[in-house]
>>> print(open('start09.cif').read())   # mmCIF, C-alpha atoms
data_target
loop_
_atom_site.label_atom_id
_atom_site.label_comp_id
_atom_site.auth_asym_id
_atom_site.auth_seq_id
_atom_site.Cartn_x
_atom_site.Cartn_y
_atom_site.Cartn_z
CA MET A 19 20.34 -4.01 -16.45
CA PRO A 20 23.27 -2.31 -14.62
CA ASN A 21 24.99 -4.07 -11.75
CA PRO A 22 22.81 -3.33 -8.70
CA ALA A 23 25.83 -3.13 -6.43
CA LYS A 24 27.14 -0.16 -8.40
CA ALA A 25 23.92 1.45 -9.54
CA ALA A 26 22.58 4.66 -8.13
CA ALA A 27 20.66 4.30 -4.88
CA HIS A 28 17.52 5.48 -6.63
CA ILE A 29 15.75 2.56 -8.30
CA GLN A 30 13.34 4.03 -10.79
CA TYR A 31 11.19 1.00 -11.43
CA ILE A 32 10.45 0.71 -7.70
CA ASP A 33 9.05 4.25 -7.84
CA GLY A 34 6.81 3.30 -10.72
CA LEU A 35 5.72 0.16 -8.90
CA LYS A 36 4.63 2.15 -5.84
CA LEU A 37 2.35 4.31 -7.95
CA ILE A 38 0.88 1.31 -9.78
CA MET A 39 0.18 -0.45 -6.46
CA CYS A 40 -1.68 2.64 -5.24
CA TYR A 41 -3.85 2.64 -8.34
CA MET A 42 -4.54 -1.06 -7.89
CA ILE A 43 -5.72 -0.35 -4.34
CA MET A 44 -7.96 2.37 -5.75
CA LEU A 45 -9.38 -0.12 -8.24
CA ILE A 46 -10.15 -2.58 -5.43
CA HIS A 47 -12.14 0.04 -3.54
CA PHE A 48 -13.87 1.26 -6.69
CA ALA A 49 -14.81 -2.30 -7.67
CA ILE A 50 -16.18 -3.06 -4.20
CA ALA A 51 -18.33 0.05 -4.46
CA TYR A 52 -19.64 -0.64 -7.97
CA PHE A 53 -19.30 -4.46 -8.21
CA PRO A 54 -20.15 -5.57 -4.64
CA VAL A 55 -21.41 -9.04 -5.64
CA GLY A 56 -18.97 -11.63 -4.31
CA PHE A 57 -17.20 -9.31 -1.87
CA ILE A 58 -17.04 -11.17 1.46
CA GLY A 59 -14.64 -8.93 3.40
CA TYR A 60 -15.06 -6.00 5.78
CA GLY A 61 -18.52 -4.46 5.58
CA SER A 62 -20.15 -7.35 3.77
CA THR A 63 -23.40 -8.70 5.19
CA TYR A 64 -22.66 -12.38 4.58
CA GLN A 65 -22.76 -14.86 7.44
CA PRO A 66 -19.72 -17.19 7.79
CA GLU A 67 -21.51 -20.08 6.11
CA GLU A 68 -22.54 -17.78 3.23
CA ARG A 69 -19.09 -16.40 2.43
CA ILE A 70 -17.77 -19.22 0.24
CA PRO A 71 -20.89 -19.52 -1.97
CA ALA A 72 -20.96 -15.71 -2.28
CA PHE A 73 -17.31 -15.69 -3.36
CA PHE A 74 -17.89 -18.20 -6.14
CA ALA A 75 -21.09 -16.44 -7.19
CA GLY A 76 -19.09 -13.25 -7.70
CA LEU A 77 -16.40 -14.71 -9.95
CA PRO A 78 -14.33 -13.36 -11.63
CA TYR A 79 -14.61 -9.99 -9.83
CA SER A 80 -14.43 -11.53 -6.35
CA ILE A 81 -10.91 -12.85 -7.01
CA TYR A 82 -9.61 -9.29 -7.21
CA THR A 83 -11.83 -7.48 -4.72
CA ASN A 84 -11.24 -9.86 -1.80
CA SER A 85 -7.45 -9.70 -1.78
CA PRO A 86 -5.37 -6.81 -0.37
CA PHE A 87 -2.31 -8.18 -2.18
CA PRO A 88 -1.30 -4.80 -3.72
CA LEU A 89 -1.27 -3.25 -0.25
CA HIS A 90 1.09 -5.93 1.03
CA VAL A 91 3.41 -5.29 -1.91
CA PHE A 92 3.37 -1.67 -0.73
CA PHE A 93 4.26 -2.86 2.81
CA ALA A 94 7.19 -4.85 1.44
CA LEU A 95 8.44 -1.84 -0.53
CA VAL A 96 8.39 0.26 2.66
CA ALA A 97 11.03 -2.14 4.03
CA LEU A 98 12.83 -2.86 0.76
CA LEU A 99 13.99 0.68 0.01
CA PRO A 100 15.57 1.45 3.42
CA THR A 101 17.28 -1.95 3.34
CA ILE A 102 18.86 -1.31 -0.05
CA ALA A 103 19.88 2.19 1.04
CA PHE A 104 21.38 0.76 4.26
CA TYR A 105 23.60 -1.72 2.46
CA ARG A 106 24.68 0.77 -0.19
CA SER A 107 25.43 3.65 2.17
CA GLN A 108 28.93 4.38 3.42
CA GLN A 109 27.36 5.69 6.63
CA PRO A 110 24.32 3.47 7.13
CA TYR A 111 23.63 4.04 10.81
CA PRO A 112 23.29 7.85 10.68
CA SER A 113 20.88 7.26 7.79
CA LEU A 114 18.76 4.94 9.95
CA GLN A 115 18.78 7.47 12.77
CA ARG A 116 17.69 10.22 10.40
CA GLN A 117 14.81 8.14 9.06
CA ALA A 118 13.66 7.12 12.53
CA ILE A 119 13.57 10.71 13.79
CA LYS A 120 11.83 12.05 10.69
CA ARG A 121 9.29 9.26 10.26
CA TYR A 122 6.45 10.57 12.44
CA PHE A 123 6.82 14.18 11.30
CA ARG A 124 6.95 13.03 7.69
CA PHE A 125 3.40 11.63 8.13
CA LEU A 126 2.10 14.25 10.56
CA LEU A 127 0.43 16.81 8.29
CA PRO A 128 -0.85 14.65 5.40
CA VAL A 129 -2.33 11.98 7.69
CA GLY A 130 -3.79 14.49 10.13
CA VAL A 131 -5.32 16.59 7.37
CA ALA A 132 -6.69 13.50 5.60
CA ILE A 133 -8.54 12.36 8.74
CA LEU A 134 -9.72 15.81 9.77
CA GLY A 135 -10.66 16.65 6.20
CA THR A 136 -12.71 13.48 5.81
CA SER A 137 -14.65 14.27 8.97
CA LEU A 138 -15.31 17.86 7.92
CA LEU A 139 -16.25 17.04 4.33
CA HIS A 140 -18.68 14.38 5.54
CA SER A 141 -20.25 16.69 8.11
CA TRP A 142 -20.68 19.35 5.39
CA GLY A 143 -22.44 16.83 3.12
CA PHE A 144 -19.75 16.54 0.44
CA LEU A 145 -19.16 12.80 0.97
CA ASP A 146 -22.36 10.85 0.36
CA PHE A 147 -21.70 7.26 1.38
CA LYS A 148 -25.36 6.38 1.91
CA SER A 149 -26.38 7.45 -1.57
CA LEU A 150 -23.49 5.55 -3.15
CA ALA A 151 -24.38 2.43 -1.15
CA SER A 152 -27.99 2.69 -2.27
CA LEU A 153 -27.00 3.18 -5.91
CA THR A 154 -24.73 0.13 -6.08
CA ASN A 155 -26.20 -2.01 -3.29
CA SER A 156 -22.79 -2.02 -1.64
CA PRO A 157 -22.87 -2.42 2.17
CA TRP A 158 -19.13 -1.70 2.17
CA CYS A 159 -19.89 1.94 1.34
CA LEU A 160 -22.01 2.17 4.48
CA ALA A 161 -19.37 0.40 6.58
CA ILE A 162 -16.70 2.98 5.68
CA GLU A 163 -18.90 6.01 6.37
CA PRO A 164 -17.16 8.25 8.96
CA LYS A 165 -18.36 7.72 12.53
CA PRO A 166 -19.37 10.74 14.64
CA VAL A 167 -16.76 11.51 17.30
CA THR A 168 -15.97 14.43 19.56
CA THR A 169 -13.37 17.00 18.55
CA CYS A 170 -10.91 15.77 21.16
CA ILE A 171 -11.18 12.17 19.95
CA LEU A 172 -10.89 13.31 16.34
CA LEU A 173 -7.65 15.16 17.08
CA TYR A 174 -6.33 12.23 19.11
CA GLN A 175 -7.05 9.83 16.26
CA SER A 176 -5.51 12.18 13.69
CA PHE A 177 -2.18 12.79 15.39
CA ILE A 178 -1.56 9.93 17.84
CA GLN A 179 -3.88 6.92 17.79
CA CYS A 180 -3.64 6.14 14.06
CA TYR A 181 0.08 5.39 14.43
CA PHE A 182 -0.36 2.69 17.03
CA GLU A 183 -3.67 0.91 16.35
CA ASN A 184 -6.43 0.42 13.82
CA CYS A 185 -8.03 3.84 13.40
CA SER A 186 -10.48 3.61 10.52
CA ASP A 187 -13.54 5.17 12.16
CA ILE A 188 -13.16 8.32 10.09
CA LEU A 189 -11.11 7.35 7.03
CA THR A 190 -11.14 3.67 6.09
CA VAL A 191 -7.60 3.59 4.65
CA MET A 192 -6.28 4.48 8.11
CA TRP A 193 -6.76 0.87 9.21
CA CYS A 194 -3.25 0.22 7.90
CA MET A 195 -1.50 3.45 8.91
CA TYR A 196 -0.22 1.94 12.13
CA ILE A 197 1.08 -1.06 10.17
CA ILE A 198 3.00 1.23 7.82
CA PHE A 199 4.38 3.33 10.67
CA LEU A 200 5.29 0.53 13.09
CA GLY A 201 6.44 -1.72 10.25
CA SER A 202 8.82 0.96 9.00
CA MET A 203 10.17 1.51 12.52
CA LEU A 204 10.57 -2.26 12.93
CA THR A 205 12.54 -2.32 9.68
CA LEU A 206 14.89 0.42 10.87
CA ALA A 207 15.34 -1.29 14.25
CA LEU A 208 16.14 -4.69 12.72
CA LEU A 209 18.63 -3.12 10.31
CA ALA A 210 20.30 -1.22 13.15
CA LEU A 211 20.55 -4.33 15.34
CA PHE A 212 21.30 -7.07 12.83
CA GLY A 213 21.92 -5.47 9.44
CA SER A 214 25.72 -5.78 9.65
CA SER A 215 25.75 -9.24 11.20
CA PRO A 216 27.27 -12.01 9.05
CA PHE A 217 24.73 -14.35 10.66
CA ARG A 218 21.70 -12.33 9.66
CA LYS A 219 20.27 -15.13 7.51
CA TRP A 220 19.79 -17.08 10.73
CA LEU A 221 18.27 -14.01 12.32
CA TYR A 222 15.71 -13.96 9.52
CA LEU A 223 14.72 -17.45 10.60
CA ALA A 224 14.69 -16.31 14.21
CA SER A 225 12.11 -13.68 13.27
CA ILE A 226 9.55 -16.42 12.64
CA PRO A 227 8.39 -16.45 16.31
CA LEU A 228 7.90 -12.69 16.04
CA LEU A 229 5.77 -13.17 12.95
CA LEU A 230 3.72 -15.86 14.68
CA ALA A 231 2.77 -13.27 17.28
CA TYR A 232 2.46 -10.35 14.84
CA PRO A 233 1.69 -11.72 11.37
CA THR A 234 0.69 -8.27 10.09
CA TYR A 235 4.38 -7.37 9.77
CA ALA A 236 5.41 -10.39 7.69
CA ALA A 237 5.65 -8.33 4.48
CA PHE A 238 8.20 -6.01 6.09
CA ILE A 239 10.50 -8.92 6.97
CA VAL A 240 10.14 -10.17 3.41
CA GLY A 241 11.02 -6.68 2.16
CA ILE A 242 14.22 -6.70 4.25
CA VAL A 243 15.21 -10.13 2.91
CA CYS A 244 14.55 -9.03 -0.69
CA GLY A 245 16.62 -5.87 -0.21
CA ASP A 246 19.50 -7.87 1.28
CA PHE A 247 19.31 -10.32 -1.61
CA TYR A 248 19.21 -7.52 -4.18
CA VAL A 249 22.42 -5.93 -2.95
CA HIS A 250 24.49 -8.96 -1.94
CA LYS A 251 23.35 -11.94 -3.99
CA PHE A 252 21.60 -10.70 -7.11
CA PRO A 253 24.77 -9.26 -8.77
CA GLN A 254 26.40 -12.70 -8.51
CA ILE A 255 23.63 -14.49 -10.42
CA SER A 256 24.59 -15.27 -14.01
CA LEU A 257 21.65 -16.18 -16.21
CA SER A 258 20.94 -15.79 -19.91
CA PRO A 259 18.16 -13.38 -20.96
CA CYS A 260 15.93 -16.36 -21.73
CA GLN A 261 16.55 -17.88 -18.31
CA ARG A 262 15.88 -14.56 -16.62
CA GLY A 263 12.62 -14.19 -18.51
CA CYS A 264 11.45 -17.71 -17.65
CA LEU A 265 12.37 -17.31 -13.99
CA SER A 266 10.64 -13.94 -13.83
CA CYS A 267 7.45 -15.34 -15.37
CA LEU A 268 7.49 -18.28 -12.95
CA LEU A 269 7.92 -16.01 -9.91
CA LEU A 270 5.32 -13.57 -11.20
CA GLY A 271 2.80 -16.33 -11.84
CA LEU A 272 3.32 -17.83 -8.38
CA SER A 273 2.97 -14.41 -6.74
CA ILE A 274 -0.33 -13.74 -8.48
CA ILE A 275 -1.73 -17.19 -7.70
CA ILE A 276 -0.78 -17.00 -4.02
CA GLY A 277 -1.63 -13.32 -3.67
CA TYR A 278 -5.14 -13.74 -5.01
CA LEU A 279 -6.12 -16.98 -3.33
CA PRO A 280 -9.21 -16.39 -1.16
CA ASP A 281 -8.41 -16.45 2.56
CA PHE A 282 -10.69 -19.41 3.26
CA LEU A 283 -8.42 -21.67 1.18
CA PHE A 284 -5.39 -21.15 3.43
CA PRO A 285 -4.99 -24.03 5.88
CA ALA A 286 -4.24 -23.21 9.51
CA PRO A 287 -1.86 -21.93 10.77
CA ILE A 288 -1.14 -20.12 7.49
CA THR A 289 -2.91 -16.78 7.75
CA PRO A 290 -3.46 -14.56 4.70
CA PHE A 291 -0.77 -12.20 6.03
CA TYR A 292 1.91 -14.89 5.60
CA ALA A 293 0.65 -15.78 2.14
CA TYR A 294 0.49 -12.15 1.01
CA ALA A 295 3.99 -11.57 2.37
CA VAL A 296 5.41 -14.52 0.41
CA ALA A 297 3.52 -13.42 -2.70
CA SER A 298 4.90 -9.88 -2.30
CA GLY A 299 8.44 -11.21 -2.08
CA LEU A 300 7.98 -13.37 -5.16
CA PHE A 301 6.51 -10.40 -7.02
CA ILE A 302 9.45 -8.14 -6.16
CA LEU A 303 11.97 -10.85 -7.05
CA SER A 304 10.25 -11.36 -10.40
CA LEU A 305 10.79 -7.69 -11.24
CA MET A 306 14.51 -7.96 -10.44
CA PHE A 307 14.87 -10.46 -13.30
CA ASN A 308 12.51 -8.75 -15.75
CA SER A 309 14.08 -5.90 -17.72
CA PHE A 310 10.91 -5.48 -19.80
CA LEU A 311 8.70 -4.70 -16.79
CA GLN A 312 11.46 -2.57 -15.32
CA GLY A 313 11.43 -0.48 -18.49
CA ILE A 314 7.67 0.03 -18.28
CA LEU A 315 7.76 0.96 -14.59
CA SER A 316 10.70 3.30 -15.20
CA LYS A 317 8.77 5.52 -17.61
CA PRO A 318 9.33 9.19 -16.69
CA PHE A 319 5.64 9.81 -15.99
CA LEU A 320 5.42 6.99 -13.45
CA VAL A 321 8.74 7.83 -11.81
CA HIS A 322 7.92 11.52 -11.49
CA HIS A 323 4.37 11.03 -10.25
CA ALA A 324 5.34 8.31 -7.77
CA GLN A 325 5.96 11.10 -5.26
CA TYR A 326 2.18 11.54 -5.10
CA SER A 327 1.47 7.86 -4.35
CA PHE A 328 0.89 8.32 -0.62
CA ALA A 329 -1.36 11.32 -1.27
CA VAL A 330 -3.34 9.19 -3.74
CA LEU A 331 -3.99 6.65 -0.99
CA LEU A 332 -5.13 9.36 1.40
CA VAL A 333 -7.55 11.27 -0.86
CA HIS A 334 -9.04 8.67 -3.21
CA ILE A 335 -11.96 7.95 -0.86
CA TRP A 336 -12.92 11.64 -1.11
CA VAL A 337 -13.28 11.30 -4.87
CA LEU A 338 -15.02 7.93 -4.62
CA ALA A 339 -17.69 9.20 -2.20
CA GLY A 340 -17.80 12.79 -3.42
CA PHE A 341 -17.67 12.71 -7.24
CA SER A 342 -17.84 9.23 -8.71
CA GLN A 343 -21.58 8.74 -8.25
CA SER A 344 -22.62 11.76 -10.30
CA ILE A 345 -20.07 10.89 -12.99
CA TYR A 346 -21.28 7.29 -13.13
CA LEU A 347 -24.94 8.31 -13.40
CA GLN A 348 -24.21 10.64 -16.29
CA LEU A 349 -22.21 7.97 -18.11
CA GLN A 350 -24.89 5.35 -17.44
CA SER A 351 -27.59 7.62 -18.88
CA LEU A 352 -25.58 7.80 -22.10
CA SER A 353 -24.33 4.23 -22.47
CA HIS A 354 -26.87 2.15 -20.50
CA ASN A 355 -24.04 -0.31 -19.96
CA HIS A 356 -22.82 -0.89 -16.41
CA LEU A 357 -19.39 -2.28 -17.32
CA LEU A 358 -18.65 0.52 -19.82
CA SER A 359 -19.86 3.19 -17.40
CA PHE A 360 -17.76 1.59 -14.66
CA ALA A 361 -14.62 1.61 -16.81
CA LEU A 362 -15.02 5.20 -18.01
CA CYS A 363 -15.96 6.40 -14.55
CA PHE A 364 -12.87 4.76 -13.08
CA ILE A 365 -10.61 6.50 -15.59
CA ILE A 366 -12.14 9.88 -14.73
CA TYR A 367 -11.93 8.97 -11.04
CA MET A 368 -8.21 8.25 -11.44
CA VAL A 369 -7.58 11.59 -13.14
CA ILE A 370 -9.47 13.60 -10.52
CA THR A 371 -7.80 11.69 -7.70
CA HIS A 372 -4.36 12.26 -9.15
CA LEU A 373 -4.93 15.99 -9.62
CA LEU A 374 -6.26 16.26 -6.09
CA ALA A 375 -3.30 14.25 -4.80
CA MET A 376 -0.87 16.62 -6.54
CA ALA A 377 -2.48 19.59 -4.80
CA PHE A 378 -2.59 17.69 -1.49
CA TYR A 379 1.10 16.88 -1.81
CA GLN A 380 2.08 20.51 -2.36
CA LEU A 381 -0.18 21.84 0.39
CA PHE A 382 0.42 19.27 3.14
CA GLU A 383 2.85 16.48 2.36
CA LYS A 384 5.71 18.63 1.13
CA PRO A 385 5.48 21.01 4.14
CA SER A 386 5.46 17.92 6.37
CA GLN A 387 8.73 16.83 4.78
CA THR A 388 10.14 20.28 5.50
CA LEU A 389 8.96 19.98 9.12
CA ALA A 390 10.61 16.55 9.40
CA ASN A 391 13.90 17.97 8.10
CA TYR A 392 13.68 20.84 10.57
CA VAL A 393 13.04 18.51 13.51
CA TYR A 394 15.91 16.27 12.50
CA GLY A 395 18.23 19.26 12.12
CA SER A 396 17.23 20.53 15.55
CA VAL A 397 17.79 17.14 17.18
CA LYS A 398 21.11 16.66 15.42
CA SER A 399 22.37 20.08 16.48
CA THR A 400 21.75 19.27 20.15
CA THR A 401 23.61 15.94 20.08
#
>>> encode(input="start09.cif", output="structure tokens")
Amino acid sequence: MPNPAKAAAHIQYIDGLKLIMCYMIMLIHFAIAYFPVGFIGYGSTYQPEERIPAFFAGLPYSIYTNSPFPLHVFFALVALLPTIAFYRSQQPYPSLQRQAIKRYFRFLLPVGVAILGTSLLHSWGFLDFKSLASLTNSPWCLAIEPKPVTTCILLYQSFIQCYFENCSDILTVMWCMYIIFLGSMLTLALLALFGSSPFRKWLYLASIPLLLAYPTYAAFIVGIVCGDFYVHKFPQISLSPCQRGCLSCLLLGLSIIIGYLPDFLFPAPITPFYAYAVASGLFILSLMFNSFLQGILSKPFLVHHAQYSFAVLLVHIWVLAGFSQSIYLQLQSLSHNHLLSFALCFIIYMVITHLLAMAFYQLFEKPSQTLANYVYGSVKSTT
């Protein structure tokens, strides 16, 4: 692996990782819809005293479907990349300013269209959550069905509210949009204030009170620490290939164990957000020492198609509620095997989602990037 301090700012295996995390999130939602037994999270009908027995009754599927660990890895990556860019840039502060100004406009069109599109498609009958819930006995499918709202509220949610609070009434994945937006702005602010400080390791410790009040942003702080470590400390580590492999496996194993522990096993005051943040950091660190996984994640297909990862997150519910049921029923009529039909249906679901995401990217996300560049250029020209 080349020296990270001298390598190009673009880290290919991080691109591949983003896309893989998006597909893992898709798999979680698909499994909840088609393997709802043992799911005790949002939308489940279990009472508090029933959650633990239901979890164990749903093993091994419940281990995967009850943990949003891949999403928290995505949160950490949102902070990791700007941190690495900050420490590698010869002009880091103009770069932070540019990102801060462009951030909202970068999300504006794809997020707005995703929310508005979900509402319209549901009202036109293209997204059948009730039928899917009935087919698989999944109350989660009913819980994520778009709620009826007025046009004014719909527009407000699409372009303002979703960036500052949980806004999943229309599109369930929007519950975390405000975390991504505010977490990215928090990252830029912390880098601007403390990124150049020689005492920043103490400032990381000082962020603990902030995380006690806002644990949802723990993964972003971990992402900043990992990025700082990657640029300043990682090049100085001298280990043999065998030692690197063993350390990577240890970190990877710990990240998976912690990341997929059910939330009811965490003792107070450790909330799942802290655990997922630590697991995300361990996972990212494990990749830094693992050239084999880096090679897999750096494959040209993954690197190229990583640009569609955000679009995949936004549109996969459309495919889940709009197409997967008919595909599953046809496969089930041929195989009469739920697990086989599930696996084949998920593969087809991935392909359709990816093709739709590619079109969505060209139609809405790419123009939003152009808009963000225009806004930044206009602001810069007036200062």
>>> residues_around(input="start09.cif", residues="A:Leu229", least_positions_apart="5", cutoff="10 Å", atoms="all atoms listed in the file", output="short mmCIF file (atom, residue, chain, number, x, y, z; two decimals) with C-alpha atoms, in the frame of the given file")
data_model
loop_
_atom_site.label_atom_id
_atom_site.label_comp_id
_atom_site.auth_asym_id
_atom_site.auth_seq_id
_atom_site.Cartn_x
_atom_site.Cartn_y
_atom_site.Cartn_z
CA ALA A 224 14.69 -16.31 14.21
CA THR A 234 0.69 -8.27 10.09
CA TYR A 235 4.38 -7.37 9.77
CA ALA A 236 5.41 -10.39 7.69
CA ALA A 237 5.65 -8.33 4.48
CA ILE A 239 10.50 -8.92 6.97
CA PHE A 291 -0.77 -12.20 6.03
CA TYR A 292 1.91 -14.89 5.60
#
>>> residues_around(input="start09.cif", residues="A:Ser309", least_positions_apart="2", cutoff="10 Å", atoms="only C-alpha atoms", output="VMD selection string")
chain A and resid 19 31 259 262 to 263 266 304 to 307 311 to 315
>>> closest_residue(input="start09.cif", among="A:Ile226, A:Ile43, A:Val240, A:Cys363", to="A:Tyr82", atoms="only C-alpha atoms")
A:Ile43
>>> resolve_selection(input="start09.cif", expression="the PyMOL selection byres ((chain A and resi 122) around 10)", output="JSON, numbers by chain")
{"A": [117, 118, 119, 120, 121, 123, 124, 125, 126, 127, 177, 178, 181, 199, 203, 386, 390]}
>>> resolve_selection(input="start09.cif", expression="the PyMOL selection byres ((chain A and resi 209) around 12)", output="JSON, numbers by chain")
{"A": [97, 98, 99, 100, 101, 102, 103, 104, 105, 110, 111, 112, 113, 114, 115, 117, 118, 202, 203, 204, 205, 206, 207, 208, 210, 211, 212, 213, 214, 215, 218, 221, 222, 238, 239, 241, 242, 243, 245, 246]}
>>> closest_residue(input="start09.cif", among="A:Leu303, A:Val55, A:Leu331, A:Cys260", to="A:Thr154", atoms="only C-alpha atoms")
A:Val55
>>> atom_distance(input="start09.cif", atom1="atom CA of A:Ala375", atom2="atom CA of A:Val330")
5.2 Å
>>> closest_residue(input="start09.cif", among="A:Gln175, A:Asn308, A:Gln343, A:Ser186", to="A:Tyr52", atoms="all atoms listed in the file")
A:Gln343
>>> residues_around(input="start09.cif", residues="A:Thr169", least_positions_apart="5", cutoff="12 Å", atoms="all atoms listed in the file", output="list in words")
Ile133, Leu134, Ser137, Leu138, Tyr174, Gln175 and Ser176 of chain A
>>> residues_around(input="start09.cif", residues="A:Gly340", least_positions_apart="4", cutoff="6 Å", atoms="all atoms listed in the file", output="MDAnalysis selection string")
chainID A and resid 144:145 336
>>> resolve_selection(input="start09.cif", expression="the PyMOL selection byres ((chain A and resi 290) around 12)", output="tab-separated table (two decimals) with C-alpha atoms, keeping the file's coordinate frame")
chain	number	residue	atom	x	y	z
A	84	ASN	CA	-11.24	-9.86	-1.80
A	85	SER	CA	-7.45	-9.70	-1.78
A	86	PRO	CA	-5.37	-6.81	-0.37
A	87	PHE	CA	-2.31	-8.18	-2.18
A	90	HIS	CA	1.09	-5.93	1.03
A	233	PRO	CA	1.69	-11.72	11.37
A	234	THR	CA	0.69	-8.27	10.09
A	235	TYR	CA	4.38	-7.37	9.77
A	236	ALA	CA	5.41	-10.39	7.69
A	237	ALA	CA	5.65	-8.33	4.48
A	276	ILE	CA	-0.78	-17.00	-4.02
A	277	GLY	CA	-1.63	-13.32	-3.67
A	278	TYR	CA	-5.14	-13.74	-5.01
A	279	LEU	CA	-6.12	-16.98	-3.33
A	280	PRO	CA	-9.21	-16.39	-1.16
A	281	ASP	CA	-8.41	-16.45	2.56
A	282	PHE	CA	-10.69	-19.41	3.26
A	283	LEU	CA	-8.42	-21.67	1.18
A	284	PHE	CA	-5.39	-21.15	3.43
A	285	PRO	CA	-4.99	-24.03	5.88
A	286	ALA	CA	-4.24	-23.21	9.51
A	287	PRO	CA	-1.86	-21.93	10.77
A	288	ILE	CA	-1.14	-20.12	7.49
A	289	THR	CA	-2.91	-16.78	7.75
A	291	PHE	CA	-0.77	-12.20	6.03
A	292	TYR	CA	1.91	-14.89	5.60
A	293	ALA	CA	0.65	-15.78	2.14
A	294	TYR	CA	0.49	-12.15	1.01
A	295	ALA	CA	3.99	-11.57	2.37
A	296	VAL	CA	5.41	-14.52	0.41
A	297	ALA	CA	3.52	-13.42	-2.70
A	298	SER	CA	4.90	-9.88	-2.30
>>> closest_residue(input="start09.cif", among="A:Leu358, A:Val167, A:Val191, A:Leu389", to="A:Met44", atoms="all atoms listed in the file")
A:Val191
>>> closest_residue(input="start09.cif", among="A:Lys251, A:His322, A:Lys398, A:Lys219", to="A:Ile32", atoms="all atoms listed in the file")
A:His322
>>> closest_residue(input="start09.cif", among="A:Ser256, A:Gln65, A:Thr371, A:Ser316", to="A:His334", atoms="only C-alpha atoms")
A:Thr371
>>> residues_near_point(input="start09.cif", point="(24.5, -7.5, -3.6)", cutoff="9 Å", atoms="all atoms listed in the file", output="MDAnalysis selection string")
chainID A and resid 21:23 105:106 245:254
>>> atom_distance(input="start09.cif", atom1="atom CA of A:Ser156", atom2="atom CA of A:Leu362")
19.5 Å
>>> atom_distance(input="start09.cif", atom1="atom CA of A:Gln179", atom2="atom CA of A:Gly130")
10.8 Å
>>> residues_near_point(input="start09.cif", point="(-21.2, 8.5, 14.8)", cutoff="12 Å", atoms="all atoms listed in the file", output="list of chain:residue names")
A:Ser137, A:His140, A:Ser141, A:Ala161, A:Ile162, A:Glu163, A:Pro164, A:Lys165, A:Pro166, A:Val167, A:Thr168, A:Ile171, A:Leu172, A:Asp187, A:Ile188
